[in-house]
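**Q** Let me give you the structure first, and then I'll get to my questions.
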Amino acid sequence: MKLNDITAQLPYSKPFLFVDELLHVDENSVSGTYTFNEDLDFYKGHFKDNPVTPGVILTETMAQIGMVCLGIYLLGDTFNKDTVIAFTSADMQFLKPVYPNEKVTVTSQKLFFRFGKLKCDVIMKNEAGQEVCKGILAGMITNKL
């Protein structure tokens, strides 16, 4: 499966798509990038006069790149319009702020994928290579009943 095939199957669209580019994917890991454009709506109110990317958006970005893209790759041809992806848990550490117009890179290592549950160790770094957040994300991938 090609990298652009994976991003084309993501169940998100703007303004809630937080994947610009996938850099690598294999059966154990994935990495990709996203740039937080200063025009994103949440910056208008998430700290007045000093906008910062909300932690929930950082978590969502890590989940989209680090878990959903990897899950699509792992499912291969069995991923289709009836596939449902559900976020089940996150244990995150926020280490540095992410500001408007910053580009981040997300790297994820699969911890396990069995019985439709995918658990990953995920790290987000800024362009200077500094960790801005990291954690463990988990989700369920199944088909509609």
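In the structure tokens, each chain is lettered A, B, ... as it comes, each chain's residues begin at 1, and ligands are numbered from 1 in order of appearance.
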So which residues of segment 7-125 of chain A fall under alpha helix (DSSP H) by DSSP, listed as a list in words?
**A** Thr7, Ala8, Gly55, Val56, Ile57, Leu58, Thr59, Glu60, Thr61, Met62, Ala63, Cys69, Leu70, Gly71, Ile72, Tyr73, Leu74 and Leu75 of chain A
**Q** Restricting it to all heavy atoms, dump the selection as a compact mmCIF listing (two decimals), in the first residue's frame.
**A**
# COMPACT_ATOMS: atom_id res chain seq x y z
N THR A 7 -3.49 7.98 3.15
CA THR A 7 -4.08 9.29 3.47
C THR A 7 -5.40 9.50 2.74
O THR A 7 -6.29 10.17 3.27
CB THR A 7 -3.09 10.43 3.17
OG1 THR A 7 -2.67 10.35 1.81
CG2 THR A 7 -1.89 10.38 4.09
N ALA A 8 -5.55 8.95 1.56
CA ALA A 8 -6.81 9.08 0.82
C ALA A 8 -7.96 8.35 1.52
O ALA A 8 -9.12 8.71 1.32
CB ALA A 8 -6.64 8.54 -0.60
N GLY A 55 -4.04 20.84 23.78
CA GLY A 55 -3.55 19.47 23.96
C GLY A 55 -4.43 18.44 23.30
O GLY A 55 -3.96 17.44 22.79
N VAL A 56 -5.74 18.67 23.30
CA VAL A 56 -6.66 17.71 22.67
C VAL A 56 -6.40 17.65 21.15
O VAL A 56 -6.52 16.58 20.54
CB VAL A 56 -8.13 18.04 23.01
CG1 VAL A 56 -8.57 19.34 22.36
CG2 VAL A 56 -9.04 16.90 22.63
N ILE A 57 -6.01 18.77 20.55
CA ILE A 57 -5.70 18.78 19.11
C ILE A 57 -4.36 18.08 18.86
O ILE A 57 -4.20 17.36 17.87
CB ILE A 57 -5.70 20.22 18.56
CG1 ILE A 57 -7.08 20.87 18.72
CG2 ILE A 57 -5.24 20.25 17.11
CD1 ILE A 57 -8.20 20.20 17.92
N LEU A 58 -3.39 18.28 19.75
CA LEU A 58 -2.13 17.55 19.62
C LEU A 58 -2.38 16.05 19.73
O LEU A 58 -1.82 15.25 18.95
CB LEU A 58 -1.14 18.00 20.70
CG LEU A 58 -0.70 19.47 20.66
CD1 LEU A 58 0.21 19.78 21.83
CD2 LEU A 58 -0.05 19.81 19.33
N THR A 59 -3.22 15.65 20.67
CA THR A 59 -3.56 14.23 20.83
C THR A 59 -4.25 13.70 19.58
O THR A 59 -3.93 12.61 19.11
CB THR A 59 -4.46 14.03 22.07
OG1 THR A 59 -3.78 14.54 23.23
CG2 THR A 59 -4.80 12.57 22.28
N GLU A 60 -5.17 14.47 19.03
CA GLU A 60 -5.88 14.06 17.82
C GLU A 60 -4.91 13.91 16.65
O GLU A 60 -5.01 12.96 15.87
CB GLU A 60 -6.99 15.05 17.47
CG GLU A 60 -7.75 14.71 16.21
CD GLU A 60 -8.55 13.41 16.28
OE1 GLU A 60 -8.94 12.98 17.38
OE2 GLU A 60 -8.79 12.81 15.20
N THR A 61 -3.98 14.82 16.52
CA THR A 61 -2.97 14.75 15.45
C THR A 61 -2.15 13.47 15.59
O THR A 61 -1.90 12.76 14.61
CB THR A 61 -2.07 15.99 15.48
OG1 THR A 61 -2.88 17.16 15.37
CG2 THR A 61 -1.05 15.96 14.35
N MET A 62 -1.74 13.19 16.82
CA MET A 62 -0.97 11.97 17.08
C MET A 62 -1.80 10.72 16.79
O MET A 62 -1.28 9.74 16.25
CB MET A 62 -0.47 11.96 18.52
CG MET A 62 0.55 13.06 18.77
SD MET A 62 1.03 13.22 20.49
CE MET A 62 2.12 11.82 20.66
N ALA A 63 -3.08 10.78 17.10
CA ALA A 63 -3.95 9.63 16.84
C ALA A 63 -4.16 9.43 15.34
O ALA A 63 -4.12 8.30 14.84
CB ALA A 63 -5.29 9.80 17.55
N CYS A 69 -3.58 6.00 10.62
CA CYS A 69 -2.82 5.68 9.40
C CYS A 69 -2.18 4.30 9.50
O CYS A 69 -2.21 3.53 8.54
CB CYS A 69 -1.76 6.75 9.13
SG CYS A 69 -2.41 8.33 8.58
N LEU A 70 -1.63 3.99 10.67
CA LEU A 70 -1.04 2.66 10.86
C LEU A 70 -2.10 1.58 10.78
O LEU A 70 -1.90 0.54 10.16
CB LEU A 70 -0.29 2.60 12.20
CG LEU A 70 0.43 1.29 12.51
CD1 LEU A 70 1.43 0.92 11.42
CD2 LEU A 70 1.12 1.38 13.86
N GLY A 71 -3.27 1.83 11.38
CA GLY A 71 -4.37 0.87 11.32
C GLY A 71 -4.83 0.60 9.91
O GLY A 71 -5.09 -0.55 9.53
N ILE A 72 -4.94 1.64 9.10
CA ILE A 72 -5.34 1.47 7.69
C ILE A 72 -4.31 0.61 6.97
O ILE A 72 -4.66 -0.30 6.21
CB ILE A 72 -5.51 2.85 7.00
CG1 ILE A 72 -6.74 3.57 7.57
CG2 ILE A 72 -5.61 2.69 5.48
CD1 ILE A 72 -6.85 5.03 7.15
N TYR A 73 -3.04 0.87 7.22
CA TYR A 73 -1.98 0.06 6.60
C TYR A 73 -2.09 -1.40 7.04
O TYR A 73 -2.00 -2.31 6.21
CB TYR A 73 -0.61 0.64 6.95
CG TYR A 73 0.52 -0.19 6.41
CD1 TYR A 73 0.95 -0.03 5.09
CD2 TYR A 73 1.16 -1.16 7.19
CE1 TYR A 73 1.99 -0.80 4.58
CE2 TYR A 73 2.19 -1.92 6.69
CZ TYR A 73 2.59 -1.75 5.38
OH TYR A 73 3.61 -2.53 4.88
N LEU A 74 -2.27 -1.62 8.33
CA LEU A 74 -2.32 -2.99 8.85
C LEU A 74 -3.53 -3.76 8.32
O LEU A 74 -3.44 -4.96 8.06
CB LEU A 74 -2.34 -2.98 10.38
CG LEU A 74 -1.06 -2.48 11.05
CD1 LEU A 74 -1.26 -2.32 12.55
CD2 LEU A 74 0.11 -3.41 10.75
N LEU A 75 -4.65 -3.07 8.13
CA LEU A 75 -5.85 -3.72 7.60
C LEU A 75 -5.74 -3.99 6.11
O LEU A 75 -6.38 -4.92 5.60
CB LEU A 75 -7.09 -2.90 7.89
CG LEU A 75 -7.55 -2.88 9.34
CD1 LEU A 75 -8.71 -1.91 9.50
CD2 LEU A 75 -7.93 -4.26 9.82
**Q** Excluding same-chain residues fewer than 2 positions from Lys103 of chain A, what lies within 9 Å of it counting only C-alpha atoms, as a ChimeraX atom specification?
**A** /A:33-37,98,100-101,105,125-127
**Q** Can I get the selection written as an mmCIF file, in the first residue's frame, with all heavy atoms?
**A**
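Output (selection16.cif):
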data_model
loop_
_atom_site.group_PDB
_atom_site.id
_atom_site.type_symbol
_atom_site.label_atom_id
_atom_site.label_comp_id
_atom_site.auth_asym_id
_atom_site.auth_seq_id
_atom_site.Cartn_x
_atom_site.Cartn_y
_atom_site.Cartn_z
ATOM 1 N N THR A 33 3.804 14.125 9.102
ATOM 2 C CA THR A 33 3.923 15.518 9.510
ATOM 3 C C THR A 33 2.595 16.254 9.412
ATOM 4 O O THR A 33 1.690 15.846 8.663
ATOM 5 C CB THR A 33 4.950 16.273 8.651
ATOM 6 O OG1 THR A 33 4.478 16.343 7.303
ATOM 7 C CG2 THR A 33 6.311 15.610 8.699
ATOM 8 N N TYR A 34 2.531 17.347 10.148
ATOM 9 C CA TYR A 34 1.404 18.273 10.050
ATOM 10 C C TYR A 34 1.897 19.660 10.454
ATOM 11 O O TYR A 34 2.662 19.796 11.403
ATOM 12 C CB TYR A 34 0.236 17.869 10.950
ATOM 13 C CG TYR A 34 -0.949 18.782 10.789
ATOM 14 C CD1 TYR A 34 -1.723 18.728 9.634
ATOM 15 C CD2 TYR A 34 -1.262 19.727 11.746
ATOM 16 C CE1 TYR A 34 -2.789 19.597 9.453
ATOM 17 C CE2 TYR A 34 -2.331 20.595 11.574
ATOM 18 C CZ TYR A 34 -3.086 20.521 10.420
ATOM 19 O OH TYR A 34 -4.136 21.393 10.238
ATOM 20 N N THR A 35 1.441 20.689 9.725
ATOM 21 C CA THR A 35 1.735 22.071 10.067
ATOM 22 C C THR A 35 0.452 22.724 10.553
ATOM 23 O O THR A 35 -0.567 22.706 9.852
ATOM 24 C CB THR A 35 2.295 22.843 8.853
ATOM 25 O OG1 THR A 35 3.494 22.195 8.418
ATOM 26 C CG2 THR A 35 2.594 24.289 9.209
ATOM 27 N N PHE A 36 0.504 23.312 11.741
ATOM 28 C CA PHE A 36 -0.653 23.964 12.347
ATOM 29 C C PHE A 36 -0.772 25.388 11.810
ATOM 30 O O PHE A 36 -0.136 26.312 12.314
ATOM 31 C CB PHE A 36 -0.528 23.966 13.879
ATOM 32 C CG PHE A 36 -0.692 22.615 14.475
ATOM 33 C CD1 PHE A 36 0.413 21.852 14.803
ATOM 34 C CD2 PHE A 36 -1.952 22.088 14.685
ATOM 35 C CE1 PHE A 36 0.268 20.596 15.351
ATOM 36 C CE2 PHE A 36 -2.115 20.821 15.233
ATOM 37 C CZ PHE A 36 -1.002 20.075 15.561
ATOM 38 N N ASN A 37 -1.589 25.554 10.789
ATOM 39 C CA ASN A 37 -1.781 26.843 10.134
ATOM 40 C C ASN A 37 -2.384 27.852 11.114
ATOM 41 O O ASN A 37 -3.313 27.527 11.853
ATOM 42 C CB ASN A 37 -2.698 26.651 8.921
ATOM 43 C CG ASN A 37 -2.871 27.912 8.125
ATOM 44 O OD1 ASN A 37 -3.405 28.899 8.618
ATOM 45 N ND2 ASN A 37 -2.432 27.877 6.883
ATOM 46 N N VAL A 98 3.004 24.090 21.318
ATOM 47 C CA VAL A 98 3.072 24.132 19.860
ATOM 48 C C VAL A 98 2.299 25.369 19.433
ATOM 49 O O VAL A 98 1.123 25.537 19.768
ATOM 50 C CB VAL A 98 2.468 22.862 19.220
ATOM 51 C CG1 VAL A 98 2.441 22.986 17.701
ATOM 52 C CG2 VAL A 98 3.263 21.632 19.647
ATOM 53 N N PRO A 100 1.094 28.505 16.479
ATOM 54 C CA PRO A 100 0.636 28.589 15.089
ATOM 55 C C PRO A 100 1.819 28.580 14.119
ATOM 56 O O PRO A 100 2.886 29.126 14.411
ATOM 57 C CB PRO A 100 -0.096 29.933 15.043
ATOM 58 C CG PRO A 100 -0.524 30.185 16.451
ATOM 59 C CD PRO A 100 0.558 29.596 17.303
ATOM 60 N N ASN A 101 1.618 27.921 12.996
ATOM 61 C CA ASN A 101 2.582 27.781 11.900
ATOM 62 C C ASN A 101 3.743 26.846 12.203
ATOM 63 O O ASN A 101 4.684 26.769 11.417
ATOM 64 C CB ASN A 101 3.103 29.144 11.417
ATOM 65 C CG ASN A 101 1.987 29.981 10.845
ATOM 66 O OD1 ASN A 101 1.139 29.470 10.105
ATOM 67 N ND2 ASN A 101 1.943 31.244 11.200
ATOM 68 N N THR A 105 6.362 16.543 13.631
ATOM 69 C CA THR A 105 6.515 15.192 13.096
ATOM 70 C C THR A 105 6.065 14.213 14.166
ATOM 71 O O THR A 105 6.492 14.308 15.320
ATOM 72 C CB THR A 105 7.975 14.914 12.706
ATOM 73 O OG1 THR A 105 8.372 15.869 11.709
ATOM 74 C CG2 THR A 105 8.145 13.507 12.143
ATOM 75 N N LYS A 125 7.394 15.609 17.715
ATOM 76 C CA LYS A 125 8.542 16.510 17.833
ATOM 77 C C LYS A 125 8.309 17.753 16.985
ATOM 78 O O LYS A 125 7.659 17.682 15.945
ATOM 79 C CB LYS A 125 9.825 15.819 17.373
ATOM 80 C CG LYS A 125 10.251 14.675 18.276
ATOM 81 C CD LYS A 125 11.561 14.069 17.825
ATOM 82 C CE LYS A 125 11.990 12.946 18.766
ATOM 83 N NZ LYS A 125 13.273 12.372 18.345
ATOM 84 N N ASN A 126 8.895 18.869 17.431
ATOM 85 C CA ASN A 126 8.833 20.096 16.639
ATOM 86 C C ASN A 126 9.969 20.095 15.609
ATOM 87 O O ASN A 126 10.748 19.143 15.539
ATOM 88 C CB ASN A 126 8.858 21.340 17.542
ATOM 89 C CG ASN A 126 10.112 21.443 18.390
ATOM 90 O OD1 ASN A 126 11.157 20.868 18.090
ATOM 91 N ND2 ASN A 126 10.010 22.205 19.474
ATOM 92 N N GLU A 127 10.063 21.164 14.838
ATOM 93 C CA GLU A 127 11.079 21.214 13.773
ATOM 94 C C GLU A 127 12.501 21.241 14.317
ATOM 95 O O GLU A 127 13.437 20.873 13.611
ATOM 96 C CB GLU A 127 10.834 22.421 12.867
ATOM 97 C CG GLU A 127 9.627 22.224 11.970
ATOM 98 C CD GLU A 127 9.408 23.391 11.036
ATOM 99 O OE1 GLU A 127 8.846 24.409 11.480
ATOM 100 O OE2 GLU A 127 9.802 23.275 9.856
#
**Q** Which is closest to Met67 of chain A among A:Leu118, A:Met124, A:Leu10, A:Ala90, if we use only C-alpha atoms?
**A**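 Under the stated criterion, the closest residue is A:Leu118.
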**Q** Would you kindly return, as a list in words, each protein, DNA or RNA residue with an atom no farther than 10 Å from any atom of Arg114 of chain A, considering only C-alpha atoms and excluding same-chain residues fewer than 5 positions away?
**A** Lys119, Met140 and Ile141 of chain A
**Q** Store the residues picked out above in a file with N, CA and C atoms, as a PDB file, in the first residue's frame.
**A**
ATOM      1  N   LYS A 119      -2.665  -0.608  19.824  1.00  0.00           N
ATOM      2  CA  LYS A 119      -2.068   0.217  20.870  1.00  0.00           C
ATOM      3  C   LYS A 119      -0.692   0.646  20.397  1.00  0.00           C
ATOM      4  N   MET A 140      -9.929   0.954  18.690  1.00  0.00           N
ATOM      5  CA  MET A 140     -10.549  -0.258  18.151  1.00  0.00           C
ATOM      6  C   MET A 140     -10.830  -0.029  16.675  1.00  0.00           C
ATOM      7  N   ILE A 141     -10.590  -1.055  15.890  1.00  0.00           N
ATOM      8  CA  ILE A 141     -10.892  -1.005  14.465  1.00  0.00           C
ATOM      9  C   ILE A 141     -11.773  -2.207  14.164  1.00  0.00           C
TER      10      ILE A 141
END
**Q** Using only C-alpha atoms, which residue out of A:Asp91, A:Asp41, A:Asp77, A:Asp121 lies closest to Lys14 of chain A?
**A** A:Asp41
**Q** Would you give me, as a PyMOL selection string, the residues in chain A that DSSP reads as strand (DSSP E)?
**A** chain A and resi 21-25+29-35+83-94+103-114+117-125+131-143
**Q** List as a PyMOL selection string the protein and nucleic acid residues near Val122 of chain A, meaning an atom at most 9 Å away when only C-alpha atoms are counted, but skip any in the same chain fewer than 2 places from it.
**A** chain A and resi 62-63+66-67+106-110+120+124+133-137
